[in-house]
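Undergrad: Next up, upload_14.cif (mmCIF, C-alpha atoms).
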data_start
loop_
_atom_site.label_atom_id
_atom_site.label_comp_id
_atom_site.auth_asym_id
_atom_site.auth_seq_id
_atom_site.Cartn_x
_atom_site.Cartn_y
_atom_site.Cartn_z
CA MET W 1 132.59 77.91 142.45
CA PHE W 2 130.43 75.35 140.68
CA LYS W 3 131.55 71.75 140.45
CA LYS W 4 130.88 70.30 137.04
CA LYS W 5 129.94 66.82 138.21
CA TRP W 6 127.46 68.16 140.75
CA ILE W 7 125.92 70.54 138.21
CA ALA W 8 125.57 67.89 135.53
CA GLY W 9 124.10 65.38 137.98
CA LEU W 10 121.61 67.88 139.38
CA ALA W 11 120.52 69.02 135.95
CA LEU W 12 120.09 65.52 134.53
CA GLY W 13 118.14 64.44 137.62
CA ALA W 14 115.84 67.43 137.20
CA LEU W 15 115.26 66.59 133.56
CA MET W 16 114.25 63.02 134.30
CA ALA W 17 111.93 64.11 137.10
CA ALA W 18 110.20 66.66 134.91
CA GLY W 19 109.92 64.52 131.79
CA ALA W 20 106.40 63.26 132.36
CA VAL W 21 104.84 66.71 132.36
CA HIS W 22 106.32 67.94 129.10
CA ALA W 23 104.72 66.04 126.28
CA GLN W 24 105.34 68.65 123.59
CA GLN W 25 108.82 68.08 122.21
CA LYS W 26 111.27 70.98 122.27
CA THR W 27 114.27 71.12 119.96
CA VAL W 28 117.72 72.00 121.30
CA ALA W 29 120.35 72.62 118.63
CA VAL W 30 123.98 72.01 119.61
CA SER W 31 126.44 73.71 117.23
CA ILE W 32 130.11 72.84 117.74
CA PRO W 33 133.38 72.64 115.79
CA ALA W 34 134.19 69.39 114.04
CA ALA W 35 136.75 67.02 115.55
CA THR W 36 139.78 68.65 113.94
CA HIS W 37 142.07 68.00 116.94
CA GLY W 38 142.06 66.23 120.27
CA TRP W 39 140.12 68.70 122.40
CA THR W 40 137.34 69.32 119.87
CA ALA W 41 137.10 65.56 119.29
CA GLY W 42 136.36 65.34 123.01
CA VAL W 43 133.73 68.07 122.68
CA VAL W 44 131.99 66.11 119.91
CA TYR W 45 132.14 62.90 121.95
CA HIS W 46 130.58 64.45 125.06
CA ALA W 47 127.96 66.41 123.09
CA GLN W 48 126.79 63.27 121.31
CA ALA W 49 126.73 61.38 124.61
CA ALA W 50 124.58 64.09 126.21
CA ALA W 51 122.17 64.09 123.26
CA LYS W 52 121.79 60.32 123.42
CA GLU W 53 121.19 60.31 127.17
CA ILE W 54 118.71 63.20 127.19
CA ASN W 55 116.77 62.04 124.12
CA LYS W 56 116.35 58.62 125.73
CA ALA W 57 115.52 59.79 129.25
CA PHE W 58 113.43 62.80 128.35
CA PRO W 59 111.04 62.34 125.39
CA GLY W 60 109.86 65.96 125.56
CA VAL W 61 113.22 67.18 124.28
CA ASN W 62 115.05 66.52 121.01
CA VAL W 63 118.76 67.41 121.16
CA VAL W 64 120.30 67.76 117.70
CA VAL W 65 124.12 67.94 117.39
CA LYS W 66 125.66 69.62 114.35
CA THR W 67 129.43 69.84 113.78
CA SER W 68 131.13 72.31 111.44
CA PRO W 69 134.74 72.40 110.11
CA SER W 70 135.04 76.20 109.94
CA ALA W 71 133.45 79.44 111.12
CA ALA W 72 131.78 79.97 107.74
CA ALA W 73 130.38 76.44 107.80
CA GLN W 74 129.10 76.98 111.33
CA VAL W 75 127.28 80.16 110.25
CA SER W 76 125.61 78.22 107.41
CA ALA W 77 124.72 75.33 109.70
CA LEU W 78 123.18 77.70 112.22
CA GLU W 79 121.11 79.40 109.53
CA ASP W 80 119.90 76.02 108.26
CA LEU W 81 119.01 74.80 111.74
CA SER W 82 117.09 77.96 112.51
CA ALA W 83 115.22 77.93 109.20
CA ALA W 84 114.25 74.25 109.33
CA ARG W 85 113.24 74.03 112.99
CA ASN W 86 111.57 76.05 115.70
CA LEU W 87 114.49 76.09 118.14
CA ALA W 88 113.66 76.23 121.81
CA ALA W 89 117.35 76.56 122.64
CA LEU W 90 120.80 76.78 121.12
CA VAL W 91 124.01 75.53 122.72
CA ILE W 92 126.99 76.81 120.76
CA LEU W 93 130.75 76.62 121.00
CA PRO W 94 131.62 79.29 118.41
CA PHE W 95 134.52 78.99 116.02
CA SER W 96 135.01 82.73 116.37
CA SER W 97 133.32 85.51 118.29
CA GLU W 98 133.13 87.96 115.41
CA GLU W 99 131.61 85.72 112.74
CA LEU W 100 129.08 83.96 114.98
CA SER W 101 127.76 86.84 117.08
CA GLY W 102 125.33 88.07 114.41
CA PRO W 103 123.86 84.66 113.49
CA VAL W 104 123.44 83.70 117.16
CA LYS W 105 121.73 87.03 117.82
CA SER W 106 119.24 86.20 115.06
CA VAL W 107 118.44 82.86 116.71
CA LYS W 108 118.04 84.64 120.04
CA GLY W 109 115.65 87.12 118.39
CA LYS W 110 113.34 84.24 117.50
CA GLY W 111 112.93 83.39 121.17
CA ALA W 112 115.54 80.66 121.68
CA PHE W 113 117.38 80.21 124.97
CA VAL W 114 121.09 80.67 124.12
CA THR W 115 123.98 78.98 125.90
CA VAL W 116 127.52 79.84 124.82
CA VAL W 117 130.40 77.51 125.70
CA ASP W 118 134.11 78.32 126.02
CA ARG W 119 134.56 81.06 123.40
CA GLY W 120 132.44 84.10 124.15
CA LEU W 121 130.52 86.25 121.67
CA ASN W 122 131.22 89.91 120.95
CA ASP W 123 128.02 90.88 122.73
CA PRO W 124 127.53 88.98 126.02
CA ALA W 125 123.92 90.22 126.15
CA ILE W 126 123.07 87.66 123.45
CA GLN W 127 123.63 84.73 125.78
CA ASP W 128 121.37 83.53 128.57
CA LEU W 129 124.03 81.20 129.95
CA TYR W 130 127.81 81.03 129.55
CA VAL W 131 129.85 77.95 130.54
CA ALA W 132 133.63 77.90 130.36
CA GLY W 133 136.76 76.68 132.07
CA ASP W 134 139.14 78.85 134.07
CA ASN W 135 142.17 79.39 131.86
CA ILE W 136 143.92 81.65 134.35
CA ALA W 137 143.65 78.86 136.93
CA VAL W 138 145.12 76.37 134.44
CA GLY W 139 148.31 78.44 134.31
CA ARG W 140 148.29 79.53 137.94
CA ASN W 141 147.82 76.08 139.47
CA THR W 142 150.49 74.55 137.24
CA ALA W 143 152.94 77.29 138.24
CA LYS W 144 152.17 76.90 141.94
CA PHE W 145 153.00 73.21 141.69
CA LEU W 146 156.37 73.99 140.10
CA VAL W 147 157.16 76.71 142.62
CA ASP W 148 156.53 74.23 145.42
CA LYS W 149 158.35 71.24 143.94
CA LEU W 150 161.37 73.18 142.65
CA GLY W 151 161.74 75.21 145.83
CA GLY W 152 161.05 78.45 144.01
CA LYS W 153 164.12 78.33 141.77
CA GLY W 154 165.15 76.80 138.47
CA ASN W 155 165.13 77.18 134.69
CA LEU W 156 161.87 76.83 132.77
CA VAL W 157 160.85 76.77 129.11
CA VAL W 158 157.26 77.40 128.05
CA LEU W 159 155.28 76.51 124.92
CA ARG W 160 152.31 78.70 124.02
CA GLY W 161 149.32 77.72 121.91
CA ILE W 162 147.97 80.17 119.33
CA PRO W 163 147.45 83.92 119.80
CA THR W 164 144.04 83.86 121.50
CA VAL W 165 142.46 85.14 124.70
CA ILE W 166 142.52 81.57 126.02
CA ASP W 167 146.28 81.31 125.53
CA ASP W 168 146.86 84.81 126.95
CA GLU W 169 144.92 83.94 130.10
CA ARG W 170 146.86 80.72 130.68
CA ILE W 171 150.19 82.52 130.30
CA LYS W 172 149.07 85.35 132.59
CA GLY W 173 148.05 82.90 135.30
CA PHE W 174 151.40 81.13 135.03
CA GLN W 175 153.55 84.27 134.97
CA ASP W 176 151.69 85.91 137.85
CA ALA W 177 152.18 82.81 140.01
CA ILE W 178 155.96 82.69 139.55
CA LYS W 179 156.48 86.40 140.24
CA GLY W 180 158.70 86.96 143.24
CA THR W 181 160.38 83.56 142.89
CA ASP W 182 163.71 82.58 141.35
CA LEU W 183 162.06 80.52 138.65
CA LYS W 184 163.41 81.84 135.35
CA VAL W 185 161.62 81.43 132.01
CA LEU W 186 164.47 80.89 129.56
CA ASP W 187 162.24 80.92 126.50
CA ILE W 188 158.56 81.13 125.56
CA GLN W 189 157.32 80.60 122.00
CA TYR W 190 154.18 79.51 120.14
CA ALA W 191 153.72 75.92 118.99
CA ASN W 192 150.09 76.38 117.95
CA TRP W 193 148.68 73.57 120.12
CA ASN W 194 150.27 71.13 117.69
CA SER W 195 152.25 68.07 118.70
CA ASP W 196 154.64 68.10 115.72
CA GLN W 197 155.41 71.81 116.10
CA ALA W 198 155.93 71.33 119.83
CA PHE W 199 158.35 68.48 119.14
CA LYS W 200 160.45 70.73 116.89
CA LEU W 201 160.31 73.67 119.29
CA MET W 202 161.36 71.49 122.21
CA GLN W 203 164.27 70.19 120.15
CA ASP W 204 165.33 73.82 119.66
CA TYR W 205 165.04 74.51 123.37
CA LEU W 206 167.13 71.45 124.18
CA ALA W 207 169.82 72.54 121.73
CA LYS W 208 169.92 76.13 123.08
CA TYR W 209 169.77 75.50 126.83
CA PRO W 210 172.11 73.05 128.59
CA LYS W 211 170.09 72.99 131.82
CA ILE W 212 166.30 72.93 131.93
CA ASP W 213 164.55 72.04 135.17
CA ALA W 214 160.95 72.01 133.93
CA VAL W 215 158.79 72.48 130.84
CA TRP W 216 155.26 73.77 130.61
CA ALA W 217 153.31 73.16 127.40
CA ASN W 218 149.96 74.81 128.01
CA ASP W 219 148.07 72.12 126.11
CA ASP W 220 148.38 68.33 126.14
CA ASP W 221 148.72 67.91 122.37
CA MET W 222 151.91 69.97 122.65
CA LEU W 223 153.03 68.04 125.72
CA LEU W 224 153.09 64.81 123.72
CA GLY W 225 155.58 66.39 121.32
CA VAL W 226 157.63 67.75 124.22
CA LEU W 227 157.86 64.35 125.90
CA GLU W 228 158.99 62.68 122.68
CA ALA W 229 161.70 65.31 122.12
CA ILE W 230 162.96 64.84 125.68
CA LYS W 231 162.96 61.06 125.25
CA GLN W 232 164.95 61.23 122.03
CA SER W 233 167.45 63.68 123.51
CA GLY W 234 168.33 61.45 126.42
CA ARG W 235 168.40 64.48 128.73
CA LYS W 236 167.93 63.48 132.37
CA GLU W 237 167.96 66.78 134.28
CA ILE W 238 164.41 67.79 133.36
CA LYS W 239 162.39 67.09 136.47
CA TYR W 240 158.91 68.00 135.21
CA ALA W 241 157.11 68.30 131.88
CA LEU W 242 153.52 69.44 132.38
CA GLY W 243 150.59 70.26 130.12
CA GLY W 244 146.93 71.09 130.52
CA ASN W 245 143.38 70.22 129.31
CA GLY W 246 142.94 66.68 130.62
CA MET W 247 143.84 64.46 127.65
CA LYS W 248 143.26 60.83 128.58
CA GLU W 249 146.85 59.82 127.72
CA ILE W 250 148.17 62.42 130.15
CA ILE W 251 145.61 61.54 132.83
CA LYS W 252 146.77 57.92 132.53
CA LYS W 253 150.35 59.04 133.17
CA VAL W 254 149.21 60.82 136.31
CA MET W 255 147.22 57.76 137.42
CA ASP W 256 150.29 55.58 136.92
CA GLY W 257 152.50 57.88 138.99
CA ASP W 258 154.71 59.15 136.18
CA PRO W 259 157.52 61.11 137.91
CA VAL W 260 157.96 63.66 135.09
CA THR W 261 154.24 64.28 134.56
CA PRO W 262 152.76 63.71 138.03
CA VAL W 263 149.96 66.30 137.79
CA GLU W 264 147.57 67.79 135.25
CA THR W 265 145.08 70.65 135.09
CA PRO W 266 141.65 70.14 133.53
CA TYR W 267 140.00 72.18 130.84
CA PRO W 268 137.47 69.48 130.12
CA PRO W 269 135.73 69.11 126.76
CA SER W 270 132.95 67.57 128.85
CA MET W 271 131.93 71.13 129.74
CA ILE W 272 129.73 70.91 126.63
CA LYS W 273 127.79 68.13 128.35
CA THR W 274 127.24 70.24 131.45
CA ALA W 275 126.06 73.11 129.24
CA ILE W 276 123.54 70.91 127.42
CA TYR W 277 122.16 69.48 130.67
CA LEU W 278 121.71 72.94 132.17
CA THR W 279 120.13 74.34 129.02
CA VAL W 280 117.48 71.64 128.90
CA ALA W 281 116.85 72.04 132.63
CA ASN W 282 116.07 75.71 131.99
CA LEU W 283 113.62 74.79 129.24
CA VAL W 284 111.51 72.60 131.47
CA GLY W 285 111.51 74.98 134.40
CA GLN W 286 113.82 72.86 136.55
CA ALA W 287 117.14 73.99 138.11
CA PRO W 288 117.02 77.34 136.29
CA VAL W 289 120.52 78.73 135.82
CA ARG W 290 121.44 81.92 133.98
CA GLY W 291 124.54 84.06 133.88
CA ALA W 292 128.11 82.76 133.77
CA ILE W 293 129.52 79.52 135.16
CA LYS W 294 133.28 79.09 135.30
CA LEU W 295 134.57 75.60 136.00
CA ASP W 296 137.61 75.45 138.26
CA ALA W 297 140.95 73.92 137.27
CA PRO W 298 142.14 72.06 140.38
CA LEU W 299 145.29 69.98 140.15
CA ILE W 300 144.67 66.45 138.98
CA THR W 301 146.88 64.11 141.02
CA LYS W 302 147.33 60.37 141.34
CA GLN W 303 144.76 60.44 144.13
CA ASN W 304 141.90 61.96 142.10
CA ALA W 305 142.88 61.19 138.48
CA LYS W 306 140.25 58.46 138.04
CA GLU W 307 137.52 61.09 138.32
CA TYR W 308 138.86 62.77 135.17
CA TYR W 309 139.67 59.67 133.13
CA PHE W 310 137.37 58.88 130.18
CA PRO W 311 139.05 55.94 128.37
CA ASP W 312 136.38 55.75 125.66
CA SER W 313 136.70 59.42 124.76
CA PRO W 314 138.95 60.37 121.82
CA PHE W 315 140.59 62.95 124.12
#
Here is a file; write its structure as structure tokens.
TA:
Amino acid sequence: MFKKKWIAGLALGALMAAGAVHAQQKTVAVSIPAATHGWTAGVVYHAQAAAKEINKAFPGVNVVVKTSPSAAAQVSALEDLSAARNLAALVILPFSSEELSGPVKSVKGKGAFVTVVDRGLNDPAIQDLYVAGDNIAVGRNTAKFLVDKLGGKGNLVVLRGIPTVIDDERIKGFQDAIKGTDLKVLDIQYANWNSDQAFKLMQDYLAKYPKIDAVWANDDDMLLGVLEAIKQSGRKEIKYALGGNGMKEIIKKVMDGDPVTPVETPYPPSMIKTAIYLTVANLVGQAPVRGAIKLDAPLITKQNAKEYYFPDSPF
């Protein structure tokens, strides 16, 4: 299993070492969703940071970051980038697999190295490199913590995101890990990775169920709504309310030893930074990496939380 900090450090070191022998500038286009919510805001932050660092340290490469508010806009942006520049590489976090597979294939056909991040394309053969987090581990490791701390029994409520493969994988990891225990999921509904919707759904859960031992919102935006609903209710029996993704507000709670939210699981938006580093390393013939890289989702605890805390990031 690759460690993202080690990978990023190795790749960036290789880039700096190789910079002197690559005078001809190569363009790397980075196409990502706009900052429409917390996690994608983090993606934009880390992509722009990577571009700034690489463009300064490695004059032979020009990293260009383009954000798009929709799948259709991302298709247009990709067509414009490809038409205006001779792209040596493309790093893309697609809005959707179906709409972006064709345009990315066209870029690939012109000779660009293609790295896909997080959301895969319909045809994996298009990509040279794939970088993503482990969504099954996000659910599984959270569930294992609850099994251990609750002694394998208790009442749970769960908040899902939106109907996507990512959400399905998180739920599968969670459900598989509580099989064979006496942990009972009282209710599980979608809150669309939205804090306000999660607040309302948690209010419903609190009204319906007189005893809840723990809550899992499989995304930190939803967890913020859950925590506010619990606070307003005055309910004291809920031992744990956990999320996922590594939002800085939640990481800070873990760092501070919050008893209700003592752990977190990462699905870091900084994976875009790792992907950019590795892509450029491939271009200059250093640290060549192809295939698929899946970043683990180990529990973030008070002991290691500082490693995952980015206070200047919007997420």
Undergrad: The PyMOL selection byres ((chain W and resi 85) around 10) on the file shown: which residues, as a JSON list (two decimals) with C-alpha atoms, in the coordinates of the input?
TA:
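What follows is the written file result_29.json:
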[["chain", "number", "residue", "atom", "x", "y", "z"],
["W", 26, "LYS", "CA", 111.27, 70.98, 122.27],
["W", 27, "THR", "CA", 114.27, 71.12, 119.96],
["W", 28, "VAL", "CA", 117.72, 72.00, 121.30],
["W", 29, "ALA", "CA", 120.35, 72.62, 118.63],
["W", 80, "ASP", "CA", 119.90, 76.02, 108.26],
["W", 81, "LEU", "CA", 119.01, 74.80, 111.74],
["W", 82, "SER", "CA", 117.09, 77.96, 112.51],
["W", 83, "ALA", "CA", 115.22, 77.93, 109.20],
["W", 84, "ALA", "CA", 114.25, 74.25, 109.33],
["W", 86, "ASN", "CA", 111.57, 76.05, 115.70],
["W", 87, "LEU", "CA", 114.49, 76.09, 118.14],
["W", 88, "ALA", "CA", 113.66, 76.23, 121.81]]
Undergrad: Using all atoms listed in the file, determine which residues lie at most 12 Å from Gly257 in chain W, disregarding the query and same-chain residues fewer than 6 positions distant; provide the list as a list in words.
TA: Ile250, Ile251, Val263, Glu264, Ile300, Thr301, Lys302, Gln303, Asn304 and Ala305 of chain W
Undergrad: Identify, on the basis of all atoms listed in the file, every residue whose closest approach to Gln127 in chain W does not exceed 7 Å; exclude the query and any residue fewer than 6 positions from it along the same chain; express the result as a list in words.
TA: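 The residues that qualify are Val114, Thr115 and Val116 of chain W.
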Undergrad: Could you jot down the CA of Gly133 in chain W to CA of Asp182 in chain W separation for me, Å, one decimal place?
TA: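 Calculated distance between CA of Gly133 in chain W and CA of Asp182 in chain W is 29.1 Å.
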Undergrad: What's around range 162-170 of chain W at 7 Å? Count only C-alpha atoms, leave out sequence neighbours fewer than 4 positions away in its own chain, and write the answer as a VMD selection string.
TA: chain W and resid 135 to 136 138 to 139 174 190 192 to 193
Undergrad: So the first atom is CA of Phe95 in chain W and the second is CA of Arg119 in chain W; what is the distance between them in Å, to one decimal place?
TA: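 Atom-to-atom, CA of Phe95 in chain W and CA of Arg119 in chain W are spaced 7.7 Å apart.
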Undergrad: For CA of Ala57 in chain W and CA of Ala275 in chain W, quote the distance in Å rounded to one decimal.
TA: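 These atoms are spaced 17.0 Å apart.
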Undergrad: Which of these residues is nearest to Lys253 in chain W, using all atoms listed in the file: W:Phe113, W:Phe315, W:Tyr130, W:Tyr309?
TA: W:Tyr309
Undergrad: Determine the nearest neighbour of Ala214 in chain W from the options W:Pro259, W:Gly102, W:Gly154, W:Pro33, counting all atoms listed in the file.
TA: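 Of W:Pro259, W:Gly102, W:Gly154, W:Pro33, the one nearest Ala214 in chain W is W:Gly154, counting all atoms listed in the file.
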Undergrad: Please provide the set of residues having any atom within 9 Å of Ala77 in chain W, restricted to all atoms listed in the file, with same-chain residues fewer than 4 positions apart removed, written as a list in words.
TA: Ser31, Lys66, Thr67, Ser68, Ala72, Ala73, Leu81 and Ser82 of chain W
Undergrad: What would the selection look like, as a compact mmCIF listing (two decimals) with C-alpha atoms, in the coordinates of the input, if the PyMOL selection byres ((chain W and resi 120) around 10) were run on the coordinates I just shared?
TA:
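Result saved to expr-v3.txt:
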# COMPACT_ATOMS: atom_id res chain seq x y z
CA ILE W 92 126.99 76.81 120.76
CA LEU W 93 130.75 76.62 121.00
CA PRO W 94 131.62 79.29 118.41
CA PHE W 95 134.52 78.99 116.02
CA SER W 96 135.01 82.73 116.37
CA SER W 97 133.32 85.51 118.29
CA GLU W 98 133.13 87.96 115.41
CA LEU W 100 129.08 83.96 114.98
CA SER W 101 127.76 86.84 117.08
CA VAL W 116 127.52 79.84 124.82
CA VAL W 117 130.40 77.51 125.70
CA ASP W 118 134.11 78.32 126.02
CA ARG W 119 134.56 81.06 123.40
CA LEU W 121 130.52 86.25 121.67
CA ASN W 122 131.22 89.91 120.95
CA ASP W 123 128.02 90.88 122.73
CA PRO W 124 127.53 88.98 126.02
CA GLN W 127 123.63 84.73 125.78
CA TYR W 130 127.81 81.03 129.55
CA VAL W 131 129.85 77.95 130.54
CA ALA W 132 133.63 77.90 130.36
Undergrad: Which one of W:Leu159, W:Ile171, W:Tyr205, W:Ala198 sits closest to Ala217 in chain W if you count only C-alpha atoms?
TA: W:Leu159
Undergrad: Which residues match the PyMOL selection byres ((chain W and resi 40) around 12) in the file above, as a PyMOL selection string?
TA: chain W and resi 32-39+41-47+67-69+93-95+118+221+245+247+267-272+313-315
Undergrad: Which residue out of W:Thr265, W:Thr274, W:Gln197, W:Asn155 has the minimum interatomic distance to Lys184 in chain W when only C-alpha atoms are used?
TA: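 The closest residue to Lys184 in chain W is W:Asn155.
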Undergrad: May I have the residues within 10 Å of Arg235 in chain W as a list in words, using all atoms listed in the file and disregarding those fewer than 2 positions away in the same chain?
TA: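 Neighbouring residues, sequence-local ones excluded: Leu206, Pro210, Lys211, Ile212, Ala229, Ile230, Lys231, Gln232, Ser233, Glu237 and Ile238 of chain W.
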Undergrad: Using all atoms listed in the file, which residue out of W:Ala71, W:Val260, W:Val226, W:Leu283 lies closest to Leu146 in chain W?
TA: W:Val260
Undergrad: Find, counting all atoms listed in the file, the residue in W:Tyr240, W:Tyr277, W:Tyr209, W:Trp216 that gets nearest to Pro262 in chain W.
TA: W:Tyr240
Undergrad: What residues have an atom no more than 6 Å from (150.8, 80.5, 138.8) in the file's own frame, counting only C-alpha atoms, and can you write them as a short mmCIF file (atom, residue, chain, number, x, y, z; two decimals) with C-alpha atoms, keeping the file's coordinate frame?
TA:
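And here's selection.cif as it stands now:
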data_model
loop_
_atom_site.label_atom_id
_atom_site.label_comp_id
_atom_site.auth_asym_id
_atom_site.auth_seq_id
_atom_site.Cartn_x
_atom_site.Cartn_y
_atom_site.Cartn_z
CA GLY W 139 148.31 78.44 134.31
CA ARG W 140 148.29 79.53 137.94
CA ASN W 141 147.82 76.08 139.47
CA ALA W 143 152.94 77.29 138.24
CA LYS W 144 152.17 76.90 141.94
CA GLY W 173 148.05 82.90 135.30
CA PHE W 174 151.40 81.13 135.03
CA ASP W 176 151.69 85.91 137.85
CA ALA W 177 152.18 82.81 140.01
CA ILE W 178 155.96 82.69 139.55
#
Undergrad: Would it be fine to have range 241-258 of chain W, with N, CA and C atoms, given as a tab-separated table (two decimals), in the first residue's frame?
TA:
chain	number	residue	atom	x	y	z
W	241	ALA	N	-20.27	10.21	17.36
W	241	ALA	CA	-20.77	10.72	16.08
W	241	ALA	C	-19.55	10.89	15.19
W	242	LEU	N	-19.46	10.06	14.16
W	242	LEU	CA	-18.26	10.00	13.33
W	242	LEU	C	-18.57	10.34	11.88
W	243	GLY	N	-17.57	10.80	11.17
W	243	GLY	CA	-17.74	11.16	9.76
W	243	GLY	C	-16.69	10.49	8.89
W	244	GLY	N	-16.12	11.27	7.98
W	244	GLY	CA	-15.12	10.77	7.07
W	244	GLY	C	-14.75	11.83	6.05
W	245	ASN	N	-13.51	11.81	5.58
W	245	ASN	CA	-12.94	12.66	4.53
W	245	ASN	C	-11.80	13.54	5.01
W	246	GLY	N	-11.75	13.87	6.30
W	246	GLY	CA	-10.62	14.64	6.79
W	246	GLY	C	-10.80	16.15	6.76
W	247	MET	N	-12.02	16.64	6.94
W	247	MET	CA	-12.25	18.08	7.03
W	247	MET	C	-11.48	18.66	8.22
W	248	LYS	N	-10.90	19.84	8.02
W	248	LYS	CA	-10.02	20.39	9.06
W	248	LYS	C	-10.76	20.63	10.38
W	249	GLU	N	-12.04	21.00	10.32
W	249	GLU	CA	-12.79	21.22	11.56
W	249	GLU	C	-12.94	19.92	12.36
W	250	ILE	N	-13.09	18.81	11.64
W	250	ILE	CA	-13.23	17.52	12.32
W	250	ILE	C	-11.87	17.04	12.81
W	251	ILE	N	-10.83	17.24	12.02
W	251	ILE	CA	-9.48	16.88	12.45
W	251	ILE	C	-9.12	17.64	13.73
W	252	LYS	N	-9.52	18.91	13.80
W	252	LYS	CA	-9.24	19.71	15.00
W	252	LYS	C	-9.94	19.12	16.21
W	253	LYS	N	-11.16	18.63	16.04
W	253	LYS	CA	-11.87	17.97	17.14
W	253	LYS	C	-11.08	16.76	17.63
W	254	VAL	N	-10.59	15.98	16.70
W	254	VAL	CA	-9.80	14.80	17.06
W	254	VAL	C	-8.53	15.22	17.79
W	255	MET	N	-7.85	16.24	17.28
W	255	MET	CA	-6.63	16.74	17.92
W	255	MET	C	-6.90	17.18	19.35
W	256	ASP	N	-8.07	17.78	19.56
W	256	ASP	CA	-8.41	18.32	20.88
W	256	ASP	C	-8.97	17.27	21.82
W	257	GLY	N	-9.11	16.02	21.35
W	257	GLY	CA	-9.60	14.96	22.21
W	257	GLY	C	-11.09	14.98	22.43
W	258	ASP	N	-11.86	15.42	21.44
W	258	ASP	CA	-13.32	15.44	21.56
W	258	ASP	C	-13.83	14.03	21.86
